[in-house]
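Before any comments, here is the structure.
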Protein chains: 2
Amino acid sequence: MTVKTISLVEKHALFSEPWSPKRIATVDDYEIKLAKASGAFDWHKHDEEDELFVIIKGILHIEIEGQDTIVLGPGEMCVIPKGVRHRPVAGTEVVDLLLMEKRGVTNTGDNPDSDLTQVIEDL
Amino acid sequence: MTVKTISLVEKHALFSEPWSPKRIATVDDYEIKLAKASGAFDWHKHDEEDELFVIIKGILHIEIEGQDTIVLGPGEMCVIPKGVRHRPVAGTEVVDLLLMEKRGVTNTGDNPDSDLTQVIEDL
């Protein structure tokens, strides 16, 4: 397998749908994904998996049960621990994200019947 | 545990030693680390673990056994698959990196007696 350079900006230019994570790489059993935010996502939690958010462009608010909302800008990141209910909300019109979590995680967590539930595809 | 915003730029300003990865977060059994490059690292491989490189600032060359060297700039990334021998080489004076790999991985891989082997500490 040839190792390739992956440009986050170029990959983000390939899609526009919000809340529809796309896989760009795997690290062992973990997936590196890109996603865009627009408006509010659903409240949810992942019972067994931590989730990394890294902001590439724009502002993302993450409402978190039991604590103050956090606000993330470009070059900022956070990890939502397993079991913690949260709701990402776009803070700007364009929000480009990088996510990392275990393969097979449902994007809507414990709320799989949500209209926002997506099958993750390669970008 | 309170979820916190982590600034990659602010964290990178806290240290200066090259080739000395610092842990800034964990995602399940995986570590998110920051590192700086200067000159050439050692040739090595990780037999059991893939390794993610994301460039925050500067240019990083990664020489890879069996293929052309790849060149990564800011906002670019690659995954070095398990078992693939590689050697990162700084392409600029300042090179700020984000790494992600499984907890417990030795930075020098199959070359643990190298002077470059480091214990990973929290930043």
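Convention: chains lettered A, B, ... in structure tokens order; per-chain residue numbering from 1; ligands numbered from 1 as shown.
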Close residues, B:Glu17 itself excluded, 12 Å, only C-alpha atoms, min 5 positions apart in chain, as a PyMOL selection string
chain B and resi 12+22+34-39+94-96+116+118
Per-residue nearest contacts chain B to chain A, cut-off 7 Å, using only C-alpha atoms, as a Markdown table:
| residue | atom | partner | partner_atom | distance |
| --- | --- | --- | --- | --- |
| B:Thr2 | CA | A:Gln67 | CA | 7.0 |
| B:Val3 | CA | A:Ile80 | CA | 6.5 |
| B:Lys4 | CA | A:Cys78 | CA | 6.2 |
| B:Thr5 | CA | A:Cys78 | CA | 5.3 |
| B:Ile6 | CA | A:Met77 | CA | 5.2 |
| B:Ser7 | CA | A:Glu76 | CA | 4.4 |
| B:Leu8 | CA | A:Gly75 | CA | 5.7 |
| B:Val9 | CA | A:Gly75 | CA | 6.9 |
| B:Val27 | CA | A:Asp50 | CA | 5.2 |
| B:Asp28 | CA | A:Asp50 | CA | 5.7 |
| B:Glu49 | CA | A:Asp28 | CA | 6.5 |
| B:Asp50 | CA | A:Val27 | CA | 5.2 |
| B:Glu51 | CA | A:Val27 | CA | 6.5 |
| B:Leu52 | CA | A:Val27 | CA | 6.8 |
| B:Gln67 | CA | A:Thr2 | CA | 7.0 |
| B:Ile70 | CA | A:Thr5 | CA | 6.7 |
| B:Leu72 | CA | A:Thr5 | CA | 6.5 |
| B:Gly75 | CA | A:Leu8 | CA | 5.7 |
| B:Glu76 | CA | A:Ser7 | CA | 4.4 |
| B:Met77 | CA | A:Ile6 | CA | 5.2 |
| B:Cys78 | CA | A:Thr5 | CA | 5.3 |
| B:Val79 | CA | A:Val3 | CA | 6.9 |
| B:Ile80 | CA | A:Val3 | CA | 6.5 |
Would you mind exporting N, CA, C and O atoms of the selected residues as a PDB file, in the first residue's frame?
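Now in out29.pdb:
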ATOM      1  N   THR B   2     -14.511  17.293  33.416  1.00  0.00           N
ATOM      2  CA  THR B   2     -14.957  18.408  32.595  1.00  0.00           C
ATOM      3  C   THR B   2     -14.270  18.364  31.231  1.00  0.00           C
ATOM      4  O   THR B   2     -13.063  18.180  31.149  1.00  0.00           O
ATOM      5  N   VAL B   3     -15.066  18.527  30.189  1.00  0.00           N
ATOM      6  CA  VAL B   3     -14.497  18.581  28.834  1.00  0.00           C
ATOM      7  C   VAL B   3     -13.905  19.971  28.628  1.00  0.00           C
ATOM      8  O   VAL B   3     -14.546  20.973  28.924  1.00  0.00           O
ATOM      9  N   LYS B   4     -12.699  20.019  28.125  1.00  0.00           N
ATOM     10  CA  LYS B   4     -12.007  21.296  27.937  1.00  0.00           C
ATOM     11  C   LYS B   4     -11.632  21.513  26.485  1.00  0.00           C
ATOM     12  O   LYS B   4     -11.371  20.561  25.746  1.00  0.00           O
ATOM     13  N   THR B   5     -11.572  22.777  26.115  1.00  0.00           N
ATOM     14  CA  THR B   5     -11.044  23.161  24.807  1.00  0.00           C
ATOM     15  C   THR B   5      -9.527  23.095  24.856  1.00  0.00           C
ATOM     16  O   THR B   5      -8.904  23.607  25.780  1.00  0.00           O
ATOM     17  N   ILE B   6      -8.944  22.443  23.870  1.00  0.00           N
ATOM     18  CA  ILE B   6      -7.483  22.340  23.771  1.00  0.00           C
ATOM     19  C   ILE B   6      -7.041  23.076  22.505  1.00  0.00           C
ATOM     20  O   ILE B   6      -7.506  22.750  21.410  1.00  0.00           O
ATOM     21  N   SER B   7      -6.175  24.055  22.675  1.00  0.00           N
ATOM     22  CA  SER B   7      -5.654  24.807  21.528  1.00  0.00           C
ATOM     23  C   SER B   7      -4.336  24.197  21.092  1.00  0.00           C
ATOM     24  O   SER B   7      -3.365  24.158  21.863  1.00  0.00           O
ATOM     25  N   LEU B   8      -4.267  23.756  19.849  1.00  0.00           N
ATOM     26  CA  LEU B   8      -3.029  23.134  19.356  1.00  0.00           C
ATOM     27  C   LEU B   8      -1.883  24.138  19.330  1.00  0.00           C
ATOM     28  O   LEU B   8      -0.744  23.800  19.655  1.00  0.00           O
ATOM     29  N   VAL B   9      -2.177  25.377  18.975  1.00  0.00           N
ATOM     30  CA  VAL B   9      -1.120  26.400  18.923  1.00  0.00           C
ATOM     31  C   VAL B   9      -0.620  26.723  20.335  1.00  0.00           C
ATOM     32  O   VAL B   9       0.590  26.802  20.582  1.00  0.00           O
ATOM     33  N   VAL B  27      -8.092   9.115  23.434  1.00  0.00           N
ATOM     34  CA  VAL B  27      -9.368   8.676  22.852  1.00  0.00           C
ATOM     35  C   VAL B  27      -9.370   7.161  23.020  1.00  0.00           C
ATOM     36  O   VAL B  27      -8.652   6.452  22.308  1.00  0.00           O
ATOM     37  N   ASP B  28     -10.118   6.672  24.003  1.00  0.00           N
ATOM     38  CA  ASP B  28     -10.050   5.253  24.364  1.00  0.00           C
ATOM     39  C   ASP B  28      -8.584   4.904  24.652  1.00  0.00           C
ATOM     40  O   ASP B  28      -7.970   5.556  25.487  1.00  0.00           O
ATOM     41  N   GLU B  49       1.236  -1.233  15.056  1.00  0.00           N
ATOM     42  CA  GLU B  49       0.370  -0.053  15.131  1.00  0.00           C
ATOM     43  C   GLU B  49       0.565   0.888  13.947  1.00  0.00           C
ATOM     44  O   GLU B  49       1.686   1.183  13.555  1.00  0.00           O
ATOM     45  N   ASP B  50      -0.567   1.366  13.418  1.00  0.00           N
ATOM     46  CA  ASP B  50      -0.528   2.457  12.442  1.00  0.00           C
ATOM     47  C   ASP B  50      -0.213   3.768  13.175  1.00  0.00           C
ATOM     48  O   ASP B  50      -0.444   3.875  14.389  1.00  0.00           O
ATOM     49  N   GLU B  51       0.271   4.754  12.431  1.00  0.00           N
ATOM     50  CA  GLU B  51       0.613   6.033  13.050  1.00  0.00           C
ATOM     51  C   GLU B  51       0.120   7.176  12.176  1.00  0.00           C
ATOM     52  O   GLU B  51       0.421   7.223  10.976  1.00  0.00           O
ATOM     53  N   LEU B  52      -0.618   8.086  12.784  1.00  0.00           N
ATOM     54  CA  LEU B  52      -1.138   9.263  12.071  1.00  0.00           C
ATOM     55  C   LEU B  52      -0.237  10.461  12.307  1.00  0.00           C
ATOM     56  O   LEU B  52       0.102  10.767  13.455  1.00  0.00           O
ATOM     57  N   GLN B  67       8.962   3.263  -1.411  1.00  0.00           N
ATOM     58  CA  GLN B  67       8.188   4.228  -2.200  1.00  0.00           C
ATOM     59  C   GLN B  67       8.859   5.595  -2.118  1.00  0.00           C
ATOM     60  O   GLN B  67       9.797   5.801  -1.352  1.00  0.00           O
ATOM     61  N   ILE B  70       7.295  11.249   0.966  1.00  0.00           N
ATOM     62  CA  ILE B  70       6.150  12.144   0.883  1.00  0.00           C
ATOM     63  C   ILE B  70       6.485  13.445   1.603  1.00  0.00           C
ATOM     64  O   ILE B  70       7.295  13.473   2.533  1.00  0.00           O
ATOM     65  N   LEU B  72       4.756  16.764   3.467  1.00  0.00           N
ATOM     66  CA  LEU B  72       3.509  17.202   4.108  1.00  0.00           C
ATOM     67  C   LEU B  72       3.650  18.645   4.584  1.00  0.00           C
ATOM     68  O   LEU B  72       4.633  18.979   5.255  1.00  0.00           O
ATOM     69  N   GLY B  75      -1.920  21.433   7.460  1.00  0.00           N
ATOM     70  CA  GLY B  75      -3.239  20.954   7.056  1.00  0.00           C
ATOM     71  C   GLY B  75      -3.193  19.684   6.231  1.00  0.00           C
ATOM     72  O   GLY B  75      -4.203  19.262   5.689  1.00  0.00           O
ATOM     73  N   GLU B  76      -2.015  19.080   6.151  1.00  0.00           N
ATOM     74  CA  GLU B  76      -1.904  17.804   5.448  1.00  0.00           C
ATOM     75  C   GLU B  76      -1.554  16.694   6.443  1.00  0.00           C
ATOM     76  O   GLU B  76      -0.988  16.946   7.503  1.00  0.00           O
ATOM     77  N   MET B  77      -1.911  15.475   6.093  1.00  0.00           N
ATOM     78  CA  MET B  77      -1.714  14.346   6.999  1.00  0.00           C
ATOM     79  C   MET B  77      -1.406  13.087   6.210  1.00  0.00           C
ATOM     80  O   MET B  77      -1.609  13.018   4.996  1.00  0.00           O
ATOM     81  N   CYS B  78      -0.916  12.073   6.920  1.00  0.00           N
ATOM     82  CA  CYS B  78      -0.783  10.745   6.335  1.00  0.00           C
ATOM     83  C   CYS B  78      -0.825   9.717   7.454  1.00  0.00           C
ATOM     84  O   CYS B  78      -0.666  10.052   8.630  1.00  0.00           O
ATOM     85  N   VAL B  79      -1.095   8.489   7.081  1.00  0.00           N
ATOM     86  CA  VAL B  79      -1.030   7.369   8.018  1.00  0.00           C
ATOM     87  C   VAL B  79       0.081   6.437   7.552  1.00  0.00           C
ATOM     88  O   VAL B  79       0.064   5.970   6.404  1.00  0.00           O
ATOM     89  N   ILE B  80       1.065   6.188   8.428  1.00  0.00           N
ATOM     90  CA  ILE B  80       2.093   5.195   8.139  1.00  0.00           C
ATOM     91  C   ILE B  80       1.569   3.858   8.659  1.00  0.00           C
ATOM     92  O   ILE B  80       1.364   3.684   9.866  1.00  0.00           O
TER      93      ILE B  80
END
Test item, strand (DSSP E or B) assignment across stretch 11-121 of chain A, answer as a PyMOL selection string:
chain A and resi 22-27+30-36+40+44+51-57+60-64+70-72+76-80+86-90+96-102+121
Residues of chain B classed as alpha helix (DSSP H) by DSSP on the backbone are to be reported as a count of residues only.
5
Grab the atom CA of A:Leu99 to atom CA of B:Gly58 distance for me, in Å with one decimal place.
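Interatomic distance here is 22.6 Å.
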What is the atom CA of A:Trp43-atom CA of B:Leu98 distance in Å, reported with one decimal?
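Spanning atom CA of A:Trp43 to atom CA of B:Leu98 is a straight-line distance of 29.0 Å.
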Counting only C-alpha atoms, what are the residues of stretch 43-81 of chain A within 6 Å of stretch 107-114 of chain A, and for each of them which pair of atoms is the nearest and at what distance in Å, to one decimal? Sort the table by chain and rising number, as JSON lines.
{"residue": "A:His44", "atom": "CA", "partner": "A:Gly109", "partner_atom": "CA", "distance": 5.6}
{"residue": "A:Lys45", "atom": "CA", "partner": "A:Gly109", "partner_atom": "CA", "distance": 5.2}
{"residue": "A:His46", "atom": "CA", "partner": "A:Gly109", "partner_atom": "CA", "distance": 4.8}
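Going from atom CA of A:Pro18 to atom CA of B:Lys57 covers 27.6 Å.
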Which one of A:Gly91, A:Phe15, A:Ser20, A:Ile55 sits closest to A:Thr106 if you count only C-alpha atoms?
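Of the candidates, the smallest distance to A:Thr106 is held by A:Ser20.
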